[in-house]
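A.B. asks: Attaching a single structure in structure tokens format; questions to follow.
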Amino acid sequence: MRNIRNIGIMAHIDAGKTTVTERMLFITGRIHKMGEVHDGEASMDWMVQEQERGITITSAVTSFEWKKHTIHLIDTPGHVDFTMEVERSLRVLDGAVAVFDGVAGVEPQSETVWHQANTYKVPRLAFVNKMDRMGASFERVVESMHDRLGDLCVPIQIPIGAESEFQGIVDLVTLTALAWQRDDPTQHETIEPPDIAAAQTAREHLIERLADFDDDIAEAYLEGTEISVDVLKSAIRQCTISGQLVPVLCGSALHNKGIPPLLDAVIDYLPSPSEIGAVQGINTHSKEIVTRTANDKGPLCALAYKVQIMEDGRRMVYLRIYSGTLRVGDGFLNATRGDKIKPSRIFQLHANKRTRTDKALAGEIVGVLGFNKTYTGDTICETSEAIVLETIGAYEPVISQTVEPETLRGREKLLEVLTKLGEEDPTFRVSEDKETGDTLISGMGELHLEVIADRLKREFKLDVRVGKPQVVHMETITQSGEAEADFEREQEEDRLYGHVRIRVEPLERGAGIEFENRCDHSFVRGTLLEHIREGALEGAKSGPKEGYTMDDLRIVLMDATWREDWSQPLAYKIASGIAVREATARAAPAILEPIMKVEITVPDDHVGEVIGGINARRGRVDDIEDRGDRKVVSAVVPLQKMFGYSTELRSLSQGRGVYSMQFHAFDRV
């Protein structure tokens with residue numbers, strides 16, 4: 001267990017994340033030929049759409065050996081449209097490597113995945129890549145980390161040279177230098193640091209940072225006592241695992257520079273499964289908080305973090321096993337859904353290649369067949385030791401488009417495939433346009449839906465017509481409102497009666513929907529209360545203005561009436577839905593639209609035009625940052641106004657401007 005590392009590679013698109021992964025696989029002997037992303041030959045980018053676009057779309061799992069340690073690695077997407085893949089991967093990882101472009105520094109998606117890792121308290125290393133590119137600056141990237149990510153990042157290496165003169169690195173822990181061999185950069189020789197004064201200054205800064213958290217190092221530093229390499233490594237490891245510091249390394253993955261020291265750092269500084277502490281969950285019987293430690297002999301506890309539809313249509317569930325042992329043929333419980341399940345096959349994974357195994361142990365990440373009713377976020381456990389772990393949340397889609405079969409006969413098959421794709425991807429939704437009856441698909445951006453449409457045609461052989469992208473809107477309320485409703489029906493021997501009084505209250509943006517019971521009647525509990533809650537949430541699915549899904553409100557049950565021999569939970573469910581719809585109509589409803597965080601990089605002489613364009617699109621400029629001979633304009637802009645912006649930016653900047661955007665928040669139109 002101590003020799004296992006579960007890590008992910010995360011970055012902004014084009015920072016070199018998949019190239020880092022490919023080099024790790026090659027250097028450790030997992031693959032025998034390095035595939036290049038730009039050639040569409042990276043082994044971890046196995047989907048046709050990934051190979052054609054040169055980007056990662058779906059997270060891929062692999063394992064390899066390095067210095068008597070087993071490293072399970074998840075390569076995650078860098079494009080904002082596939083942020084959910086990063087989210088659910090981080091949920092099950094023990095550590096991560098964040099890759100940064102040595103020229104661009106911290107970019108929008110780097111910031112997003114960093115904060116996602118903070119949410120799940122994932123210890124991490126930072127790797128400044130592309131140090132041999134023109135314009136690369138290690139110092140500037142570290143400074144941008146401090147400015148945008150906080151002051152946790154501390155170099156444990158410094159580069160020898162930069163751009164075309166990037167020749168090696170200085171290891172600040174050992175105070176030795178590694179110089180690449182020109183004909184084979186995977187090999188290096190150990191030399192004295194060329195600039196020993198700069199190296200000692202950087203090492204002293206590292207020790208000062210460690211002294212803030214380690215009393216022994218603080219004492220040795222103040223007394224001027226020499227601190228051994230082992231003591232330094234131990235302190236860095238403890239500070240990394242506790243989240244107090246993030247070690248920063250550097251290299252150039254494309255040219256095989258700096259990857260072996262990065263692998264060493266994964267072993268030296270990131271935790272094993274037994275070091276991350278016990279996971280907590282809720283006992284489904286007692287409702288008490290219980291824990292599971294990383295132990296092969298304990299009761300099984302695993303989290304399904306991903307579902308994949310295989311080539312033959314079968315569902316493979318990706319599991320992170322936290323405790324116990326999963327064996328083929330043994331019976332288990334899906335505690336989230338209450339279903340008894342049995343794995344028919346277990347696979348060790350390498351991208352889309354699978355190797356069968358009879359069992360999987362605590363700390364491992366595997367693929368499983370036979371869990372046909374298991375979904376992302378479900379907990380798998382022993383039937384006698386039922387526990388539910390915290391699930392994996394999903395993002396709300398921001399863009400939709402129609403999709404229809406070329407023939408009526410193809411409609412049933414289309415809906416079947418779309419349902420399967422929805423099982424794979426929690427951010428992909430399928431609905432029906434209430435006015436036209438058209439099928440709507442919704443996702444996180446244009447590229448997300450492009451990939452879905454391409455898969456429908458090529459992977460599932462469906463002839464479909466796809467409409468133009470449309471922005472997804474939501475509704476909310478701007479003041480409180482109240483309504484009561486009853487549902488009464490008498491038919492033959494059945495008598496149904498339910499009466500509720502519901503109040504709705506506005507919440508701040510991003511809060512979602514809350515349900516609260518302020519009714520003190522003793523009969524409002526258990527199944528009846530659950531039916532009232534379900535009915536209320538159902539009522540909030542269609543807003544009073546345009547029928548959009550509602551968001552950012554609290555639904556409060558204020559009162560309910562009981563009629564002996566008539567009252568049934570179903571009647572209360574129906575009544576609460578009616579009451580919510582009436583209450584929201586009285587609460588000054590408003591339309592919400594998706595607002596995007598946009599970052600535009602242009603030469604200095606085009607900044608004025610960029611700012612003018614943002615203002616014309618109802619946007620707001622938040623910051624303008626110098627980045628060499630370019631300016632980076634940060635703004636927030638309604639998504640509706642960003643369609644066609646890439647063409648406008650190319651035109652005004654003579655093709656020299658680039659931009660990226662990611663979802664920021666829903667806000668009032």
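Letters for chains follow the order of the structure tokens (A, B, ...), residue numbers begin at 1 for each chain, and ligand numbers begin at 1 in the order shown.
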Could you pull the residues within 12 Å of Arg148 (chain A), counting only C-alpha atoms, minus those fewer than 5 positions along the same chain, as a PyMOL selection string?
C.D. replies: chain A and resi 105-112+114-115+141-143+153+625
A.B. asks: Could you name the residues that touch region 330-342 of chain A at 7 Å or less, counting only C-alpha atoms, but leaving out those on the same chain fewer than 4 positions away, as a list in words?
C.D. replies: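 Everything that qualifies: Gly370, Phe371, Asp378, Thr379, Ile380, Cys381, Glu382, Thr383, Ala386, Ile387 and Val388 of chain A.
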A.B. asks: State, in Å with one decimal place, the distance from CA of Pro261 (chain A) to CA of Arg320 (chain A).
C.D. replies: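 One can read the CA of Pro261 (chain A) to CA of Arg320 (chain A) distance as 27.2 Å.
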A.B. asks: What's the separation between CA of Arg315 (chain A) and CA of Thr21 (chain A), in Å to one decimal place?
C.D. replies: 26.2 Å
A.B. asks: Using only C-alpha atoms, determine which residues lie at most 12 Å from region 558-569 of chain A, disregarding the query and same-chain residues fewer than 6 positions distant; provide the list as a count of residues only.
C.D. replies: 48
A.B. asks: If DSSP is run on the backbone, what residues of region 123-238 of chain A are alpha helix (DSSP H)? A reply as a PyMOL selection string would be ideal.
C.D. replies: chain A and resi 138-149+196-211+215-223+229-238
A.B. asks: Could you go through region 198-292 of chain A and tell me which residues DSSP, when run on the backbone, assigns to strand (DSSP E or B), listing them as JSON, numbers by chain?
C.D. replies: {"A": [246, 247, 248, 249, 250, 252, 257, 279, 280, 281, 282, 283, 289, 290, 291, 292]}
A.B. asks: As a ChimeraX atom specification, please: the residues near Gly657 (chain A) (cut-off 12 Å, only C-alpha atoms, same-chain neighbours under 6 positions excluded).
C.D. replies: /A:599-607,609-610,630-633,645-651
A.B. asks: Those residues you just picked out, can you put them in a file as an mmCIF file, in the first residue's frame with N, CA and C atoms?
C.D. replies:
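File again05.cif, as written:
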```
data_model
loop_
_atom_site.group_PDB
_atom_site.id
_atom_site.type_symbol
_atom_site.label_atom_id
_atom_site.label_comp_id
_atom_site.auth_asym_id
_atom_site.auth_seq_id
_atom_site.Cartn_x
_atom_site.Cartn_y
_atom_site.Cartn_z
ATOM 1 N N GLU A 599 -10.764 35.363 -21.092
ATOM 2 C CA GLU A 599 -9.394 35.878 -21.045
ATOM 3 C C GLU A 599 -8.880 36.000 -22.471
ATOM 4 N N ILE A 600 -8.519 37.228 -22.865
ATOM 5 C CA ILE A 600 -8.109 37.516 -24.241
ATOM 6 C C ILE A 600 -6.666 38.000 -24.236
ATOM 7 N N THR A 601 -5.812 37.346 -25.018
ATOM 8 C CA THR A 601 -4.399 37.728 -25.120
ATOM 9 C C THR A 601 -4.155 38.329 -26.496
ATOM 10 N N VAL A 602 -3.697 39.601 -26.513
ATOM 11 C CA VAL A 602 -3.471 40.319 -27.785
ATOM 12 C C VAL A 602 -2.215 41.177 -27.666
ATOM 13 N N PRO A 603 -1.623 41.551 -28.809
ATOM 14 C CA PRO A 603 -0.526 42.524 -28.781
ATOM 15 C C PRO A 603 -1.004 43.853 -28.190
ATOM 16 N N ASP A 604 -0.058 44.620 -27.641
ATOM 17 C CA ASP A 604 -0.383 45.882 -26.962
ATOM 18 C C ASP A 604 -1.272 46.798 -27.794
ATOM 19 N N ASP A 605 -0.992 46.893 -29.105
ATOM 20 C CA ASP A 605 -1.678 47.897 -29.916
ATOM 21 C C ASP A 605 -3.119 47.543 -30.258
ATOM 22 N N HIS A 606 -3.623 46.399 -29.775
ATOM 23 C CA HIS A 606 -5.015 46.018 -30.065
ATOM 24 C C HIS A 606 -5.890 45.995 -28.813
ATOM 25 N N VAL A 607 -5.325 46.415 -27.658
ATOM 26 C CA VAL A 607 -6.073 46.337 -26.411
ATOM 27 C C VAL A 607 -7.324 47.205 -26.447
ATOM 28 N N GLU A 609 -9.215 48.086 -28.943
ATOM 29 C CA GLU A 609 -10.283 47.474 -29.742
ATOM 30 C C GLU A 609 -10.934 46.311 -28.998
ATOM 31 N N VAL A 610 -10.116 45.548 -28.277
ATOM 32 C CA VAL A 610 -10.655 44.419 -27.504
ATOM 33 C C VAL A 610 -11.606 44.923 -26.423
ATOM 34 N N ARG A 630 2.741 41.354 -24.768
ATOM 35 C CA ARG A 630 1.292 41.209 -24.967
ATOM 36 C C ARG A 630 0.535 41.648 -23.727
ATOM 37 N N LYS A 631 -0.754 41.867 -23.911
ATOM 38 C CA LYS A 631 -1.644 42.194 -22.810
ATOM 39 C C LYS A 631 -2.686 41.080 -22.687
ATOM 40 N N VAL A 632 -3.025 40.768 -21.444
ATOM 41 C CA VAL A 632 -4.072 39.781 -21.175
ATOM 42 C C VAL A 632 -5.256 40.518 -20.550
ATOM 43 N N VAL A 633 -6.378 40.521 -21.263
ATOM 44 C CA VAL A 633 -7.580 41.209 -20.812
ATOM 45 C C VAL A 633 -8.521 40.182 -20.193
ATOM 46 N N TYR A 645 -17.271 35.314 -31.703
ATOM 47 C CA TYR A 645 -16.203 36.205 -31.252
ATOM 48 C C TYR A 645 -14.839 35.807 -31.808
ATOM 49 N N SER A 646 -14.606 34.526 -32.030
ATOM 50 C CA SER A 646 -13.295 34.100 -32.540
ATOM 51 C C SER A 646 -13.011 34.744 -33.895
ATOM 52 N N THR A 647 -14.038 34.856 -34.751
ATOM 53 C CA THR A 647 -13.859 35.497 -36.058
ATOM 54 C C THR A 647 -13.551 36.983 -35.884
ATOM 55 N N GLU A 648 -14.285 37.652 -34.988
ATOM 56 C CA GLU A 648 -14.057 39.082 -34.740
ATOM 57 C C GLU A 648 -12.647 39.332 -34.209
ATOM 58 N N LEU A 649 -12.198 38.470 -33.255
ATOM 59 C CA LEU A 649 -10.875 38.657 -32.667
ATOM 60 C C LEU A 649 -9.773 38.447 -33.704
ATOM 61 N N ARG A 650 -9.926 37.433 -34.536
ATOM 62 C CA ARG A 650 -8.937 37.216 -35.598
ATOM 63 C C ARG A 650 -8.827 38.440 -36.493
ATOM 64 N N SER A 651 -9.975 39.028 -36.814
ATOM 65 C CA SER A 651 -9.998 40.176 -37.712
ATOM 66 C C SER A 651 -9.337 41.396 -37.087
#
```
A.B. asks: Within 7 Å of Phe166 (chain A), counting only C-alpha atoms, which residues qualify if same-chain residues fewer than 4 places away don't, as a list in words?
C.D. replies: Met131, Asp132, Ile160, Gly161 and Ala162 of chain A
